[in-house]
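Data block for query.txt (compact mmCIF, C-alpha atoms):
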```
# COMPACT_ATOMS: atom_id res chain seq x y z
CA MET A 491 -31.69 -8.17 34.48
CA LYS A 492 -28.79 -6.22 33.01
CA VAL A 493 -29.46 -2.64 31.88
CA SER A 494 -27.51 -0.85 29.16
CA VAL A 495 -27.69 2.94 29.53
CA ILE A 496 -27.07 4.50 26.11
CA THR A 497 -26.49 8.18 25.44
CA VAL A 498 -25.29 10.11 22.39
CA ASN A 499 -22.85 13.02 22.52
CA PHE A 500 -22.49 15.65 19.81
CA ASN A 501 -20.05 18.45 20.63
CA GLN A 502 -21.29 18.69 24.22
CA PRO A 503 -18.42 17.26 26.31
CA LYS A 504 -19.29 19.27 29.43
CA ILE A 505 -22.97 18.29 29.33
CA THR A 506 -22.15 14.62 28.74
CA ALA A 507 -19.60 14.63 31.58
CA GLU A 508 -22.25 16.04 33.91
CA LEU A 509 -24.54 13.15 33.00
CA LEU A 510 -21.81 10.57 33.58
CA GLN A 511 -21.33 11.94 37.09
CA THR A 512 -24.98 11.19 37.97
CA LEU A 513 -25.14 7.67 36.53
CA PRO A 514 -25.27 4.75 38.98
CA ARG A 515 -22.24 2.43 38.91
CA ARG A 516 -23.30 -1.17 39.49
CA ASP A 517 -22.40 -4.55 38.06
CA ASN A 518 -25.78 -4.90 36.36
CA ILE A 519 -25.61 -1.47 34.67
CA GLU A 520 -23.60 -0.99 31.50
CA VAL A 521 -22.99 2.60 30.35
CA ILE A 522 -22.43 3.33 26.66
CA VAL A 523 -21.56 6.77 25.25
CA VAL A 524 -21.69 7.21 21.48
CA ASP A 525 -19.69 10.18 20.22
CA ASN A 526 -21.67 11.12 17.14
CA GLY A 527 -19.11 12.71 14.80
CA SER A 528 -18.15 15.49 17.22
CA THR A 529 -15.49 17.96 16.14
CA VAL A 530 -14.71 18.42 19.83
CA ILE A 531 -13.33 14.97 20.64
CA SER A 532 -13.21 14.12 24.35
CA ILE A 533 -13.18 10.32 24.33
CA ASP A 534 -9.52 9.99 25.34
CA ASN A 535 -10.05 12.10 28.46
CA TRP A 536 -13.32 10.34 29.28
CA GLN A 537 -11.76 6.89 29.01
CA LEU A 538 -9.17 7.87 31.60
CA LYS A 539 -11.76 9.35 33.96
CA TYR A 540 -14.49 6.74 33.42
CA PRO A 541 -12.73 3.42 32.69
CA ASP A 542 -15.95 1.48 33.40
CA VAL A 543 -17.83 3.25 30.56
CA LYS A 544 -17.89 1.92 26.99
CA PHE A 545 -17.15 4.71 24.51
CA ILE A 546 -17.94 4.39 20.81
CA ARG A 547 -16.73 6.89 18.24
CA SER A 548 -18.52 7.52 14.94
CA GLU A 549 -16.62 9.73 12.53
CA LYS A 550 -19.94 10.73 10.96
CA ASN A 551 -22.92 12.42 12.59
CA LEU A 552 -25.54 9.68 12.37
CA GLY A 553 -28.35 11.65 14.01
CA PHE A 554 -30.35 10.67 17.08
CA ALA A 555 -31.56 7.37 15.65
CA GLY A 556 -28.27 6.38 14.04
CA GLY A 557 -26.21 7.23 17.11
CA ASN A 558 -28.48 5.25 19.41
CA ASN A 559 -28.62 2.35 16.96
CA LEU A 560 -24.83 2.22 17.06
CA GLY A 561 -25.06 1.89 20.84
CA VAL A 562 -27.67 -0.87 20.56
CA LYS A 563 -25.32 -2.95 18.43
CA GLU A 564 -22.72 -2.87 21.24
CA ALA A 565 -25.11 -3.22 24.19
CA ILE A 566 -25.48 -6.46 26.14
CA GLY A 567 -28.38 -5.46 28.41
CA ASP A 568 -31.78 -7.13 28.65
CA TYR A 569 -33.20 -3.61 28.92
CA LEU A 570 -31.76 -0.68 26.98
CA PHE A 571 -32.23 2.73 28.60
CA PHE A 572 -31.88 5.52 26.03
CA VAL A 573 -31.26 8.90 27.64
CA ASN A 574 -30.36 12.29 26.23
CA ASN A 575 -26.92 13.47 27.27
CA ASP A 576 -28.54 16.61 28.74
CA THR A 577 -30.34 14.69 31.47
CA GLU A 578 -29.64 14.02 35.13
CA PHE A 579 -30.55 10.79 36.92
CA THR A 580 -32.40 10.73 40.24
CA GLU A 581 -32.14 8.17 43.03
CA GLY A 582 -33.70 4.83 42.12
CA LEU A 583 -34.54 5.80 38.55
CA VAL A 584 -33.25 2.62 36.90
CA ASP A 585 -34.57 0.28 39.60
CA LYS A 586 -38.09 1.74 39.48
CA LEU A 587 -38.34 1.33 35.71
CA THR A 588 -36.89 -2.17 35.63
CA ALA A 589 -39.23 -3.29 38.42
CA VAL A 590 -42.24 -2.27 36.34
CA MET A 591 -40.79 -3.93 33.22
CA ASP A 592 -40.05 -7.14 35.16
CA ALA A 593 -43.63 -7.29 36.45
CA ASN A 594 -45.27 -6.60 33.08
CA PRO A 595 -43.85 -8.55 30.11
CA VAL A 596 -46.29 -6.80 27.77
CA ILE A 597 -44.32 -3.55 28.18
CA GLY A 598 -42.03 -2.94 25.22
CA MET A 599 -40.87 0.50 26.32
CA ILE A 600 -41.35 2.78 29.31
CA SER A 601 -40.48 6.38 30.21
CA PRO A 602 -40.17 8.07 33.60
CA MET A 603 -41.71 11.40 34.45
CA ILE A 604 -39.48 14.10 32.97
CA LYS A 605 -38.99 17.43 34.71
CA TYR A 606 -37.09 20.51 33.62
CA TYR A 607 -33.60 20.77 35.05
CA SER A 608 -33.85 24.56 35.32
CA ASP A 609 -37.06 24.33 37.40
CA LYS A 610 -37.30 20.94 39.04
CA ALA A 611 -40.89 21.50 40.11
CA LEU A 612 -41.94 21.96 36.47
CA ILE A 613 -43.09 18.92 34.50
CA GLN A 614 -42.10 18.29 30.90
CA TYR A 615 -43.63 14.83 30.40
CA ALA A 616 -46.03 12.55 32.23
CA GLY A 617 -47.27 10.64 29.18
CA TYR A 618 -48.66 11.34 25.71
CA THR A 619 -52.18 11.40 24.28
CA PRO A 620 -52.85 9.34 21.12
CA MET A 621 -51.87 10.76 17.74
CA ASN A 622 -54.45 12.42 15.49
CA TYR A 623 -53.35 11.07 12.11
CA TYR A 624 -55.36 13.70 10.23
CA THR A 625 -53.26 16.53 11.70
CA CYS A 626 -50.24 14.69 13.15
CA ARG A 627 -50.92 16.33 16.48
CA ASN A 628 -51.09 14.97 19.99
CA SER A 629 -50.45 16.38 23.45
CA CYS A 630 -47.73 15.89 26.01
CA ILE A 631 -49.44 15.28 29.33
CA GLY A 632 -48.27 17.57 32.12
CA LEU A 633 -46.22 19.84 29.86
CA ARG A 634 -45.10 22.97 31.76
CA GLU A 635 -47.36 22.22 34.71
CA GLN A 636 -46.17 22.72 38.26
CA ASP A 637 -45.84 19.39 40.00
CA ASN A 638 -48.49 19.45 42.72
CA GLY A 639 -48.78 15.69 42.86
CA GLN A 640 -51.45 15.55 40.15
CA TYR A 641 -49.56 12.81 38.29
CA ASN A 642 -48.22 10.88 41.26
CA ASN A 643 -48.20 7.08 41.21
CA ILE A 644 -49.13 6.64 37.56
CA ILE A 645 -47.82 3.34 36.22
CA ALA A 646 -49.88 2.72 33.12
CA PRO A 647 -49.97 2.53 29.32
CA THR A 648 -49.47 5.74 27.37
CA ALA A 649 -49.60 6.55 23.68
CA TYR A 650 -45.87 7.18 23.34
CA CYS A 651 -42.68 7.23 25.33
CA HIS A 652 -40.38 10.26 25.35
CA GLY A 653 -37.10 10.17 23.44
CA ALA A 654 -35.23 11.99 26.21
CA ALA A 655 -35.57 8.93 28.46
CA MET A 656 -37.02 5.60 27.37
CA MET A 657 -36.21 2.09 28.54
CA VAL A 658 -36.83 -0.57 25.90
CA ARG A 659 -37.01 -4.34 26.19
CA ARG A 660 -34.39 -6.06 24.02
CA GLU A 661 -36.94 -8.61 22.80
CA ALA A 662 -39.14 -5.76 21.55
CA ILE A 663 -36.23 -4.32 19.56
CA GLU A 664 -35.50 -7.72 18.07
CA LYS A 665 -39.10 -8.00 16.88
CA ALA A 666 -39.72 -4.39 15.82
CA GLY A 667 -36.26 -3.52 14.52
CA LEU A 668 -34.08 -0.50 15.22
CA MET A 669 -35.09 3.15 14.95
CA SER A 670 -35.45 4.41 11.40
CA GLU A 671 -32.33 6.45 10.65
CA ASN A 672 -33.83 8.51 7.84
CA PHE A 673 -35.63 10.66 10.42
CA PHE A 674 -32.18 11.75 11.68
CA LEU A 675 -33.69 14.07 14.30
CA TYR A 676 -37.24 14.32 15.75
CA TYR A 677 -40.21 11.94 15.45
CA GLU A 678 -37.98 8.86 15.27
CA GLU A 679 -38.93 7.68 18.75
CA VAL A 680 -42.65 8.19 18.01
CA ASP A 681 -42.30 6.19 14.80
CA TRP A 682 -40.33 3.52 16.70
CA CYS A 683 -43.02 3.34 19.35
CA GLU A 684 -45.60 2.68 16.63
CA HIS A 685 -43.52 -0.22 15.33
CA ILE A 686 -42.95 -1.66 18.81
CA LYS A 687 -46.69 -1.55 19.51
CA ARG A 688 -47.39 -3.27 16.20
CA ALA A 689 -44.96 -5.99 17.30
CA GLY A 690 -47.35 -6.76 20.17
CA TYR A 691 -45.98 -4.63 23.00
CA GLU A 692 -47.24 -1.61 24.93
CA ALA A 693 -45.72 1.76 25.79
CA TRP A 694 -45.98 2.77 29.47
CA VAL A 695 -45.12 5.68 31.72
CA CYS A 696 -43.99 5.43 35.35
CA THR A 697 -44.25 8.75 37.18
CA GLU A 698 -42.68 7.28 40.32
CA ALA A 699 -39.39 7.41 38.42
CA VAL A 700 -38.07 10.90 37.59
CA ILE A 701 -35.34 12.30 35.36
CA PHE A 702 -34.35 15.94 34.85
CA HIS A 703 -33.91 17.34 31.34
CA LYS A 704 -31.95 20.41 30.25
CA GLU A 705 -33.70 20.28 26.84
CA SER A 706 -32.45 21.27 23.39
CA VAL A 707 -28.81 21.71 24.40
CA SER A 708 -27.40 20.27 21.17
CA VAL A 709 -29.82 21.74 18.62
CA GLY A 710 -31.03 24.91 20.29
CA LYS A 711 -34.56 26.00 21.07
CA LYS A 712 -34.99 27.63 17.63
CA SER A 713 -32.83 26.87 14.60
CA LYS A 714 -33.07 26.21 10.87
CA LEU A 715 -32.04 22.62 11.53
CA LYS A 716 -34.89 22.14 13.98
CA GLU A 717 -37.50 23.78 11.73
CA TYR A 718 -36.46 21.67 8.75
CA PHE A 719 -36.51 18.30 10.49
CA MET A 720 -39.60 19.01 12.61
CA ASN A 721 -41.63 19.78 9.47
CA ARG A 722 -40.02 17.18 7.23
CA ASN A 723 -40.41 14.41 9.78
CA ARG A 724 -43.94 15.34 10.75
CA ILE A 725 -44.94 14.65 7.16
CA LEU A 726 -42.71 11.58 6.98
CA PHE A 727 -44.27 10.11 10.13
CA ILE A 728 -47.73 10.29 8.55
CA ARG A 729 -46.44 8.78 5.32
CA ARG A 730 -45.01 5.83 7.27
CA ASN A 731 -47.83 5.23 9.74
CA ALA A 732 -51.22 6.59 8.64
CA ALA A 733 -53.92 4.97 6.51
CA LEU A 734 -54.42 6.25 2.94
CA PHE A 735 -57.47 8.41 3.71
CA GLN A 736 -55.72 9.90 6.73
CA LYS A 737 -52.71 10.74 4.57
CA ILE A 738 -54.89 12.55 2.04
CA ILE A 739 -56.62 14.66 4.70
CA PHE A 740 -53.28 15.41 6.39
CA CYS A 741 -51.70 16.61 3.13
CA ILE A 742 -54.60 18.99 2.48
CA TYR A 743 -54.41 20.23 6.07
CA PHE A 744 -50.65 20.74 5.98
CA ILE A 745 -50.51 22.52 2.62
CA LEU A 746 -53.57 24.75 3.04
CA LEU A 747 -53.36 25.53 6.75
CA VAL A 748 -50.05 24.66 8.38
CA THR A 749 -47.72 25.99 5.68
CA PRO A 750 -49.24 29.50 5.34
CA ARG A 751 -49.73 29.75 9.10
CA ASN A 752 -46.09 28.88 9.77
CA ILE A 753 -44.85 31.31 7.13
CA LEU A 754 -46.82 34.14 8.76
CA ALA A 755 -45.48 33.10 12.17
CA TYR A 756 -41.88 33.15 10.87
CA ILE A 757 -42.35 36.63 9.44
CA LYS A 758 -43.96 37.91 12.64
CA ALA A 759 -41.09 36.45 14.71
CA LYS A 760 -38.55 37.99 12.31
CA ASN A 761 -37.26 34.58 11.28
CA PRO A 762 -37.69 34.72 7.48
CA GLY A 763 -34.79 32.28 7.07
CA PHE A 764 -37.10 29.54 8.36
CA ILE A 765 -39.42 29.87 5.35
CA PRO A 766 -37.13 28.07 2.87
CA MET A 767 -36.57 25.36 5.50
CA LEU A 768 -40.32 24.71 5.64
CA LEU A 769 -40.66 24.65 1.86
CA LYS A 770 -37.59 22.42 1.60
CA ALA A 771 -39.17 20.00 4.09
CA VAL A 772 -42.37 19.79 2.05
CA TRP A 773 -40.47 19.37 -1.23
CA TRP A 774 -38.32 16.56 0.22
CA ASN A 775 -41.45 14.54 0.96
CA ILE A 776 -42.79 15.14 -2.53
CA THR A 777 -39.57 14.05 -4.25
CA HIS A 778 -38.32 11.24 -1.98
CA SER A 779 -39.63 7.86 -0.90
CA LYS A 780 -40.56 7.36 2.74
CA ASN A 781 -37.52 5.10 3.15
CA SER A 782 -35.02 7.37 1.41
CA SER A 783 -31.65 7.74 3.14
CA ASN A 784 -31.17 11.17 1.54
CA LEU A 785 -31.79 13.61 4.40
CA GLY A 786 -32.03 16.69 2.22
CA TYR A 787 -29.91 18.69 4.65
CA PRO A 788 -26.15 19.37 4.69
CA ILE A 789 -25.30 17.40 7.84
CA ASN A 790 -21.62 18.38 7.64
CA SER A 791 -22.71 21.98 8.29
CA ILE A 792 -24.07 21.09 11.73
CA LYS A 793 -21.72 22.30 14.48
```
Full structure transcribed into structure tokens:
Amino acid sequence: MKVSVITVNFNQPKITAELLQTLPRRDNIEVIVVDNGSTVISIDNWQLKYPDVKFIRSEKNLGFAGGNNLGVKEAIGDYLFFVNNDTEFTEGLVDKLTAVMDANPVIGMISPMIKYYSDKALIQYAGYTPMNYYTCRNSCIGLREQDNGQYNNIIAPTAYCHGAAMMVRREAIEKAGLMSENFFLYYEEVDWCEHIKRAGYEAWVCTEAVIFHKESVSVGKKSKLKEYFMNRNRILFIRRNAALFQKIIFCIYFILLVTPRNILAYIKAKNPGFIPMLLKAVWWNITHSKNSSNLGYPINSIK
């Protein structure tokens, strides 16, 4: 089986170059880098240094979903391995995931265990619990736990794969469609996982395969951009995936509990500039359809 490794770069040439240095170079592995409207353009230098890599340039920032979708359209692999540019491969990562996919045709997508790059004994992801559609909350299994072997040898279904590293079967993409680009950033992989499962496939995790993640390099750990899209897309996810009664309960919960709680948290953390981002996120969902391509955020302002 041929594997297409797809990653998206946005103004992080050093980080992306570090990833390229860890990628395996084999005949059955295709590497695709999508430059997602960066103002710092490094493709010319990369093409000289990595002639075996396929580089795609988008003049516009298409977001996480749009950038990866652009890579999908150029990929030739049977399996497409989507990885954040701020990750680092480990020995045997690709082979371990493809072996599980080969043996289990029901798998539509699979993620490895993800550990933090800054502390490689610290787990970020070892699976997800199912979503509570009344609150749009679930849990990341293993998050910030020391790896003492408690999640060793898990090769099993999970509720969702992780967007930082997920291998997807081409047939599943053909049946479920591409990622929805109106999420732009956050929740798009969870939404996509829902659609892939509805197409008859399962999401799995394989903790025998490991990838390291530097986390939030492009967006930052706290930013207005992140607050806006996290809140906007949390609501949007429920609008796109929950049953009517679940949507009603979620709206009551979000307006009466989440919104005032977040506002108080922003004030306490001395981040009052996040308050209009939260309100803007709520208002976007009131005034736009769930399939609207209007993001409600000045994307050209993102650096």
List the residues sitting within 9 Å of (-25.8, 11.5, 15.9) in the file's frame, using only C-alpha atoms, as a compact mmCIF listing (two decimals) with C-alpha atoms, in the frame of the given file.
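Final output, saved to selection.txt:
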```txt
# COMPACT_ATOMS: atom_id res chain seq x y z
CA VAL A 498 -25.29 10.11 22.39
CA ASN A 499 -22.85 13.02 22.52
CA PHE A 500 -22.49 15.65 19.81
CA VAL A 524 -21.69 7.21 21.48
CA ASP A 525 -19.69 10.18 20.22
CA ASN A 526 -21.67 11.12 17.14
CA GLY A 527 -19.11 12.71 14.80
CA SER A 528 -18.15 15.49 17.22
CA SER A 548 -18.52 7.52 14.94
CA LYS A 550 -19.94 10.73 10.96
CA ASN A 551 -22.92 12.42 12.59
CA LEU A 552 -25.54 9.68 12.37
CA GLY A 553 -28.35 11.65 14.01
CA PHE A 554 -30.35 10.67 17.08
CA ALA A 555 -31.56 7.37 15.65
CA GLY A 556 -28.27 6.38 14.04
CA GLY A 557 -26.21 7.23 17.11
CA ASN A 558 -28.48 5.25 19.41
CA PHE A 674 -32.18 11.75 11.68
CA LEU A 675 -33.69 14.07 14.30
```
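Restricting the calculation to all atoms listed in the file, the smallest distance between Glu661 of chain A and any of A:Val596, A:Met720, A:Phe764, A:Asn518 is found for A:Val596.
Minimum atom-to-atom distance to Leu668 of chain A, evaluated using only C-alpha atoms, belongs to A:Leu570 out of A:Cys630, A:Ala646, A:Ile739, A:Leu570.
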Pick out the closest residue to Asn628 of chain A from this set: A:Ala693, A:Arg724, A:Gly561, A:Lys712. Count only C-alpha atoms. A:Arg724
Tell me which of A:Ser779, A:Glu705, A:Trp773, A:Lys687 sits closest to Arg730 of chain A, counting only C-alpha atoms. A:Ser779
Which residues come within 10 Å of Lys610 of chain A, counting all atoms listed in the file, excluding same-chain residues fewer than 5 positions away, as a list in words? Ile604, Lys605, Gln636, Asp637, Ile701, Phe702 and His703 of chain A
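Put simply, atom CA of Ala654 of chain A is 4.9 Å away from atom CA of Asn574 of chain A.
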Across A:Cys741, A:Ala666, A:Ile566, A:Val523, the smallest distance to Gln502 of chain A, with only C-alpha atoms counted, is shown by A:Val523
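The gap separating atom CA of Phe571 of chain A from atom CA of Asn501 of chain A is 21.4 Å, in Å to one decimal.
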Protein, DNA and RNA residues within 12 Å of (-42.1, 20.6, 36.3), all atoms listed in the file, as a ChimeraX atom specification: /A:603-616,631-641,700-704
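The environment of Phe740 of chain A within 12 Å, counting only C-alpha atoms and disregarding residues fewer than 3 places along the same chain, consists of Asn622, Tyr623, Tyr624, Thr625, Cys626, Arg627, Arg724, Ile725, Leu726, Phe727, Ile728, Arg729, Ala732, Ala733, Leu734, Phe735, Gln736, Lys737, Tyr743, Phe744, Ile745, Leu746, Leu747, Val748 and Thr749 of chain A.
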Let me make sure I understand: among A:Leu768, A:Met591, A:Ile546, A:Met621, which one has the smallest atom-to-atom distance to Asp534 of chain A if we use all atoms listed in the file? A:Ile546
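Here atom CA of Gly653 of chain A is placed at a distance of 19.8 Å from atom CA of Ile519 of chain A.
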Centre and edges of the segment 624-629 of chain A box, axis-aligned, 3 Å extra per side, as JSON:
```
{"center_x": -52.8, "center_y": 15.1, "center_z": 16.8, "size_x": 11.1, "size_y": 8.8, "size_z": 19.2}
```
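Residues within 12 Å of Gln537 of chain A, counting all atoms listed in the file and excluding same-chain residues fewer than 4 positions away, are Ala507, Leu510, Ile522, Val523, Ile531, Ser532, Ile533, Pro541, Asp542, Val543, Lys544, Phe545, Ile546 and Arg547 of chain A.
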If we count all atoms listed in the file, what is near Met767 of chain A at a cut-off of 7 Å, once residues fewer than 2 positions away on the same chain are taken out, given as a PyMOL selection string? chain A and resi 714+717-718+764-765+769-771
